[in-house]
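Presented below is the structure to which this report refers.
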Amino acid sequence: MTLTDTLDLAAVLVFALTGALTASRAQLDIVGFIFVACLTAIGGGTLRDLLLGRDPVFWVSAPEYILLAAGAAVLVFFTAHLFESRYRAILWLDALALAVAVSAGVGVALSMEARAVNVVTMGVATGCFGGLMRDVVCNEVPLVLKQGELYATAAFAGALSALVALQFDLSLAVALIAAAVVTFILRAGSMVFGWTLPVYRPRPPR
Amino acid sequence: MTLTDTLDLAAVLVFALTGALTASRAQLDIVGFIFVACLTAIGGGTLRDLLLGRDPVFWVSAPEYILLAAGAAVLVFFTAHLFESRYRAILWLDALALAVAVSAGVGVALSMEARAVNVVTMGVATGCFGGLMRDVVCNEVPLVLKQGELYATAAFAGALSALVALQFDLSLAVALIAAAVVTFILRAGSMVFGWTLPVYRPRPPR
Amino acid sequence: MTLTDTLDLAAVLVFALTGALTASRAQLDIVGFIFVACLTAIGGGTLRDLLLGRDPVFWVSAPEYILLAAGAAVLVFFTAHLFESRYRAILWLDALALAVAVSAGVGVALSMEARAVNVVTMGVATGCFGGLMRDVVCNEVPLVLKQGELYATAAFAGALSALVALQFDLSLAVALIAAAVVTFILRAGSMVFGWTLPVYRPRPPR
């Protein structure tokens, strides 16, 4: 199992937890938990594989991904009441999943010798789309579009830092870890310390 | 024309009717009816074919699917006022379309010798995604996520029962019919008798 | 660079502008502008390429598309306050992007020798899906579903007119220009003069 496969597996697990917790907020039944967990877990990587023409997509050739996501959903169904704040748990798990998924996206794109622009795009897409589908389907405000927080920015900077690491002749493993760490630090810093980029606000009339 | 093609055609027809009826609730014009009907009719099967790497997707190689969906939309445009309750008609037609589409999804996955996990996943995806797109685009609450009703569960049990039938050495035709019948009975039982799985509810504080 | 590539490039640029302006209405930061602009700009063409089995999709093999969309987003971030009405700007740019994208979709489908039905479907899908994703993600009412306006209808008529032009032995360039012009005139006429098709309204009870 390659490093990229491991990253994909970790992203699937953690995104599945966020999907199941979101399903608990919508008070779905256990199959609803599994449905939203799988959608969230494999959404970003599936888009990446379709765009890169990777045939078949990662979870079709390896059933453990779906089974892992379903298992995580069942676990959450019986333990979600133990969380003090499920929304905070979603936010933190989503930050972790985002970081790992960006790294997995970058890894797959690099392994297919994609151009630099596409490496960054695939990192951002793999990181952001699972959570975006989860939030659109469950009618929550998409985290990626929440005002005044770093999300796509964190994914973008993380994917970019992998390319920078490779420019400095660091190994692939170091580059992928850098992608995950930079993404997570920026996202976590945004949640804890309010790090942000200026948002668009029309100038007040004079 | 194989049994699976026939199931795809039936699913396209019935899903197109639900899409057009949903368009009537949104008071669209006739091209809006056709647009939503086509999206609903081919959405699930398209996703399945993209995921399985079936190239080209089913309706690209056979124009009758799109024409059938468009024809159904035109028919509904001129007859929707005859329905006493369009919402009830949508619910029942959607249940029928779900059942047939799950069966079609299972049939295509089996014909491509997919693994058991993927057969179930493709059955559920083919059944659920057309209606999900219809509801997200038309801003209705997705049926698949409506609390306290069997929907994804019905699709899941239907797809599973086809695999069980094949384990008992029953023919492919019997397995596909079993998938459709089990899905429809569970979904209809849920609508008529209120069959349901327990939904997630946080324990009350003691 | 072929005529179709040029049309794709123009559609990407103008759709990116509408995406960035929509991001400004949601008060996102600069990376949010880039994210929504890229999603809108490449959404329709990506769907078309996936459906037609065109591997890889157009922007994966040519990084300038993504860079152009990102550049347009940055430009809008710093100049959006100059627009008197950003909503009107979105409407008009979207009409232009729709027209060009329908033409690009028709051109790609023709270049792959698709059947007539699929040429029309690909024209409509390329034109409509980028804006649809933009509006679903940003929680605006999708323009394609706005009641009492020509949108999918304009795209449909535009794609059809390219086929008619080819029937009369006109050149491909003329057919593609006809698609764009017919789409734009119908959409613009709908916005300015209120051109419309009758929408579905249940008969009043007698």
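Going by the structure tokens order, chains are called A, B, ..., each with residues numbered from 1, while ligands are numbered from 1 in the order shown.
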Using only C-alpha atoms, what table do you get, as JSON lines, when you list each residue of chain B with an atom no more than 9 Å from chain A, its nearest pair of atoms, and their distance in Å rounded to one decimal, rows by chain then rising number?
{"residue": "B:Leu50", "atom": "CA", "partner": "A:Leu50", "partner_atom": "CA", "distance": 7.6}
{"residue": "B:Leu51", "atom": "CA", "partner": "A:Val57", "partner_atom": "CA", "distance": 6.5}
{"residue": "B:Leu52", "atom": "CA", "partner": "A:Pro56", "partner_atom": "CA", "distance": 6.4}
{"residue": "B:Gly53", "atom": "CA", "partner": "A:Pro56", "partner_atom": "CA", "distance": 6.0}
{"residue": "B:Ala114", "atom": "CA", "partner": "A:Val60", "partner_atom": "CA", "distance": 8.2}
{"residue": "B:Arg115", "atom": "CA", "partner": "A:Pro63", "partner_atom": "CA", "distance": 7.7}
{"residue": "B:Ala116", "atom": "CA", "partner": "A:Pro63", "partner_atom": "CA", "distance": 8.6}
{"residue": "B:Val117", "atom": "CA", "partner": "A:Pro63", "partner_atom": "CA", "distance": 6.1}
{"residue": "B:Asn118", "atom": "CA", "partner": "A:Val60", "partner_atom": "CA", "distance": 6.5}
{"residue": "B:Thr121", "atom": "CA", "partner": "A:Ile66", "partner_atom": "CA", "distance": 8.5}
{"residue": "B:Leu132", "atom": "CA", "partner": "A:Val137", "partner_atom": "CA", "distance": 8.1}
{"residue": "B:Val136", "atom": "CA", "partner": "A:Val137", "partner_atom": "CA", "distance": 7.1}
{"residue": "B:Val141", "atom": "CA", "partner": "A:Asn139", "partner_atom": "CA", "distance": 8.8}
{"residue": "B:Pro142", "atom": "CA", "partner": "A:Val137", "partner_atom": "CA", "distance": 7.7}
{"residue": "B:Val144", "atom": "CA", "partner": "A:Gly32", "partner_atom": "CA", "distance": 7.9}
{"residue": "B:Leu145", "atom": "CA", "partner": "A:Gly32", "partner_atom": "CA", "distance": 6.8}
{"residue": "B:Lys146", "atom": "CA", "partner": "A:Leu28", "partner_atom": "CA", "distance": 7.7}
{"residue": "B:Gln147", "atom": "CA", "partner": "A:Leu28", "partner_atom": "CA", "distance": 5.5}
{"residue": "B:Gly148", "atom": "CA", "partner": "A:Asp29", "partner_atom": "CA", "distance": 7.1}
{"residue": "B:Glu149", "atom": "CA", "partner": "A:Asp29", "partner_atom": "CA", "distance": 8.5}
{"residue": "B:Leu150", "atom": "CA", "partner": "A:Asp29", "partner_atom": "CA", "distance": 8.6}
{"residue": "B:Tyr151", "atom": "CA", "partner": "A:Gly32", "partner_atom": "CA", "distance": 8.6}
{"residue": "B:Ala152", "atom": "CA", "partner": "A:Val31", "partner_atom": "CA", "distance": 6.4}
{"residue": "B:Thr153", "atom": "CA", "partner": "A:Val31", "partner_atom": "CA", "distance": 5.5}
{"residue": "B:Phe156", "atom": "CA", "partner": "A:Val31", "partner_atom": "CA", "distance": 8.1}
{"residue": "B:Thr196", "atom": "CA", "partner": "A:Asp29", "partner_atom": "CA", "distance": 8.4}
{"residue": "B:Leu197", "atom": "CA", "partner": "A:Asp29", "partner_atom": "CA", "distance": 6.0}
{"residue": "B:Pro198", "atom": "CA", "partner": "A:Asp29", "partner_atom": "CA", "distance": 5.8}
{"residue": "B:Val199", "atom": "CA", "partner": "A:Asp29", "partner_atom": "CA", "distance": 4.0}
{"residue": "B:Tyr200", "atom": "CA", "partner": "A:Gln27", "partner_atom": "CA", "distance": 5.0}
{"residue": "B:Arg201", "atom": "CA", "partner": "A:Gln27", "partner_atom": "CA", "distance": 6.3}
{"residue": "B:Pro202", "atom": "CA", "partner": "A:His81", "partner_atom": "CA", "distance": 5.2}
{"residue": "B:Arg203", "atom": "CA", "partner": "A:His81", "partner_atom": "CA", "distance": 6.7}
Give me the residues within 12 Å of Thr2 of chain A as a PyMOL selection string, counting only C-alpha atoms and dropping any in the same chain fewer than 2 places off.
chain A and resi 4-9+104+107-108+111+172-173
What does the file look like for those residues with N, CA and C atoms, as a compact mmCIF listing (two decimals), in the first residue's frame?
# COMPACT_ATOMS: atom_id res chain seq x y z
N THR A 4 0.19 7.34 -0.74
CA THR A 4 -1.01 8.01 -1.22
C THR A 4 -2.26 7.20 -0.90
N ASP A 5 -2.19 5.87 -1.05
CA ASP A 5 -3.34 5.04 -0.68
C ASP A 5 -3.67 5.19 0.80
N THR A 6 -2.62 5.25 1.63
CA THR A 6 -2.84 5.41 3.07
C THR A 6 -3.53 6.74 3.36
N LEU A 7 -3.07 7.80 2.67
CA LEU A 7 -3.70 9.11 2.86
C LEU A 7 -5.16 9.07 2.43
N ASP A 8 -5.44 8.42 1.28
CA ASP A 8 -6.83 8.29 0.82
C ASP A 8 -7.67 7.58 1.88
N LEU A 9 -7.11 6.51 2.45
CA LEU A 9 -7.84 5.73 3.44
C LEU A 9 -8.13 6.59 4.68
N ALA A 104 -3.64 13.75 -0.15
CA ALA A 104 -3.92 12.60 -1.01
C ALA A 104 -4.13 13.04 -2.46
N GLY A 107 -0.89 13.86 -3.96
CA GLY A 107 -0.14 12.64 -4.20
C GLY A 107 -0.58 11.91 -5.46
N VAL A 108 -1.90 11.78 -5.64
CA VAL A 108 -2.40 11.09 -6.83
C VAL A 108 -2.03 11.87 -8.09
N SER A 111 1.54 11.39 -8.89
CA SER A 111 1.84 10.04 -9.38
C SER A 111 1.41 9.88 -10.83
N LEU A 172 9.13 12.88 -1.73
CA LEU A 172 7.68 12.92 -1.91
C LEU A 172 6.96 12.85 -0.56
N ALA A 173 7.45 11.97 0.32
CA ALA A 173 6.80 11.80 1.63
C ALA A 173 6.80 13.13 2.39
As a PyMOL selection string, please: the residues near Gly127 of chain A (cut-off 9 Å, only C-alpha atoms, same-chain neighbours under 2 positions excluded).
chain A and resi 11+44-45+97-105+122-125+129-131+152+155
Take the residues just selected and output them with N, CA and C atoms as a PDB file, in the first residue's frame.
ATOM      1  N   ALA A  11      -8.306   9.895   4.809  1.00  0.00           N
ATOM      2  CA  ALA A  11      -9.270  10.938   4.465  1.00  0.00           C
ATOM      3  C   ALA A  11     -10.679  10.350   4.429  1.00  0.00           C
ATOM      4  N   GLY A  44     -14.747  13.744  -2.832  1.00  0.00           N
ATOM      5  CA  GLY A  44     -13.620  14.508  -3.359  1.00  0.00           C
ATOM      6  C   GLY A  44     -12.675  13.647  -4.193  1.00  0.00           C
ATOM      7  N   GLY A  45     -12.346  12.468  -3.680  1.00  0.00           N
ATOM      8  CA  GLY A  45     -11.428  11.590  -4.406  1.00  0.00           C
ATOM      9  C   GLY A  45     -12.032  11.064  -5.701  1.00  0.00           C
ATOM     10  N   ALA A  97      -9.691  16.037   8.070  1.00  0.00           N
ATOM     11  CA  ALA A  97      -9.966  15.340   6.816  1.00  0.00           C
ATOM     12  C   ALA A  97      -9.536  16.192   5.631  1.00  0.00           C
ATOM     13  N   LEU A  98      -9.813  17.508   5.702  1.00  0.00           N
ATOM     14  CA  LEU A  98      -9.395  18.421   4.637  1.00  0.00           C
ATOM     15  C   LEU A  98      -7.891  18.318   4.416  1.00  0.00           C
ATOM     16  N   ALA A  99      -7.127  18.366   5.511  1.00  0.00           N
ATOM     17  CA  ALA A  99      -5.668  18.348   5.407  1.00  0.00           C
ATOM     18  C   ALA A  99      -5.192  17.043   4.761  1.00  0.00           C
ATOM     19  N   VAL A 100      -5.724  15.927   5.223  1.00  0.00           N
ATOM     20  CA  VAL A 100      -5.278  14.637   4.694  1.00  0.00           C
ATOM     21  C   VAL A 100      -5.710  14.476   3.234  1.00  0.00           C
ATOM     22  N   ALA A 101      -6.919  14.942   2.924  1.00  0.00           N
ATOM     23  CA  ALA A 101      -7.436  14.759   1.567  1.00  0.00           C
ATOM     24  C   ALA A 101      -6.678  15.635   0.564  1.00  0.00           C
ATOM     25  N   VAL A 102      -6.328  16.862   0.954  1.00  0.00           N
ATOM     26  CA  VAL A 102      -5.511  17.707   0.072  1.00  0.00           C
ATOM     27  C   VAL A 102      -4.214  16.981  -0.256  1.00  0.00           C
ATOM     28  N   SER A 103      -3.605  16.416   0.781  1.00  0.00           N
ATOM     29  CA  SER A 103      -2.347  15.700   0.598  1.00  0.00           C
ATOM     30  C   SER A 103      -2.541  14.493  -0.328  1.00  0.00           C
ATOM     31  N   ALA A 104      -3.642  13.747  -0.153  1.00  0.00           N
ATOM     32  CA  ALA A 104      -3.920  12.596  -1.013  1.00  0.00           C
ATOM     33  C   ALA A 104      -4.135  13.042  -2.456  1.00  0.00           C
ATOM     34  N   GLY A 105      -4.859  14.146  -2.632  1.00  0.00           N
ATOM     35  CA  GLY A 105      -5.103  14.654  -3.979  1.00  0.00           C
ATOM     36  C   GLY A 105      -3.819  15.042  -4.677  1.00  0.00           C
ATOM     37  N   MET A 122      -6.154  19.608  -8.136  1.00  0.00           N
ATOM     38  CA  MET A 122      -6.618  18.312  -7.644  1.00  0.00           C
ATOM     39  C   MET A 122      -6.532  18.247  -6.114  1.00  0.00           C
ATOM     40  N   GLY A 123      -5.497  18.859  -5.546  1.00  0.00           N
ATOM     41  CA  GLY A 123      -5.413  18.913  -4.095  1.00  0.00           C
ATOM     42  C   GLY A 123      -6.610  19.639  -3.506  1.00  0.00           C
ATOM     43  N   VAL A 124      -6.911  20.822  -4.056  1.00  0.00           N
ATOM     44  CA  VAL A 124      -8.030  21.612  -3.539  1.00  0.00           C
ATOM     45  C   VAL A 124      -9.354  20.870  -3.762  1.00  0.00           C
ATOM     46  N   ALA A 125      -9.535  20.289  -4.970  1.00  0.00           N
ATOM     47  CA  ALA A 125     -10.794  19.600  -5.274  1.00  0.00           C
ATOM     48  C   ALA A 125     -10.994  18.382  -4.383  1.00  0.00           C
ATOM     49  N   PHE A 129     -14.384  18.950  -2.038  1.00  0.00           N
ATOM     50  CA  PHE A 129     -15.660  18.563  -2.622  1.00  0.00           C
ATOM     51  C   PHE A 129     -16.484  17.593  -1.793  1.00  0.00           C
ATOM     52  N   GLY A 130     -15.801  16.707  -1.047  1.00  0.00           N
ATOM     53  CA  GLY A 130     -16.569  15.797  -0.193  1.00  0.00           C
ATOM     54  C   GLY A 130     -17.407  16.571   0.815  1.00  0.00           C
ATOM     55  N   GLY A 131     -16.764  17.521   1.495  1.00  0.00           N
ATOM     56  CA  GLY A 131     -17.485  18.313   2.483  1.00  0.00           C
ATOM     57  C   GLY A 131     -18.537  19.201   1.838  1.00  0.00           C
ATOM     58  N   ALA A 152     -10.805  27.014   1.586  1.00  0.00           N
ATOM     59  CA  ALA A 152     -10.161  26.795   0.292  1.00  0.00           C
ATOM     60  C   ALA A 152      -8.746  27.373   0.316  1.00  0.00           C
ATOM     61  N   ALA A 155      -6.459  24.878   1.866  1.00  0.00           N
ATOM     62  CA  ALA A 155      -6.211  23.782   0.925  1.00  0.00           C
ATOM     63  C   ALA A 155      -5.242  24.227  -0.168  1.00  0.00           C
TER      64      ALA A 155
END
Among the residues of segment 72-180 of chain A, find those DSSP assigns to helix (DSSP H, G or I) from the backbone and print them as a PyMOL selection string.
chain A and resi 72-82+86-111+116-137+143-145+152-167+172-180
Report, in Å with one decimal, the straight-line distance from atom CA of Ala162 of chain A to atom CA of Thr18 of chain A.
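It comes out at 25.4 Å.
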Find the distance between atom CA of Ala95 of chain C and atom CA of Gly71 of chain C and write it in Å to one decimal.
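That distance, rounded to one decimal, is 20.8 Å.
The nearest approach to Ala41 of chain C among the residues C:Leu170, C:Met1, C:Cys128, C:Leu143, with only C-alpha atoms taken into account, belongs to C:Cys128.
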Atomic distance atom CA of Met133 of chain A - atom CA of Asp94 of chain C, expressed in Å with one decimal:
24.1 Å
So which residues touch Leu17 of chain C within 6 Å, counting only C-alpha atoms, skipping near sequence neighbours fewer than 3 positions away, as an NGL selection string?
:C and (14 or 20 or 72)
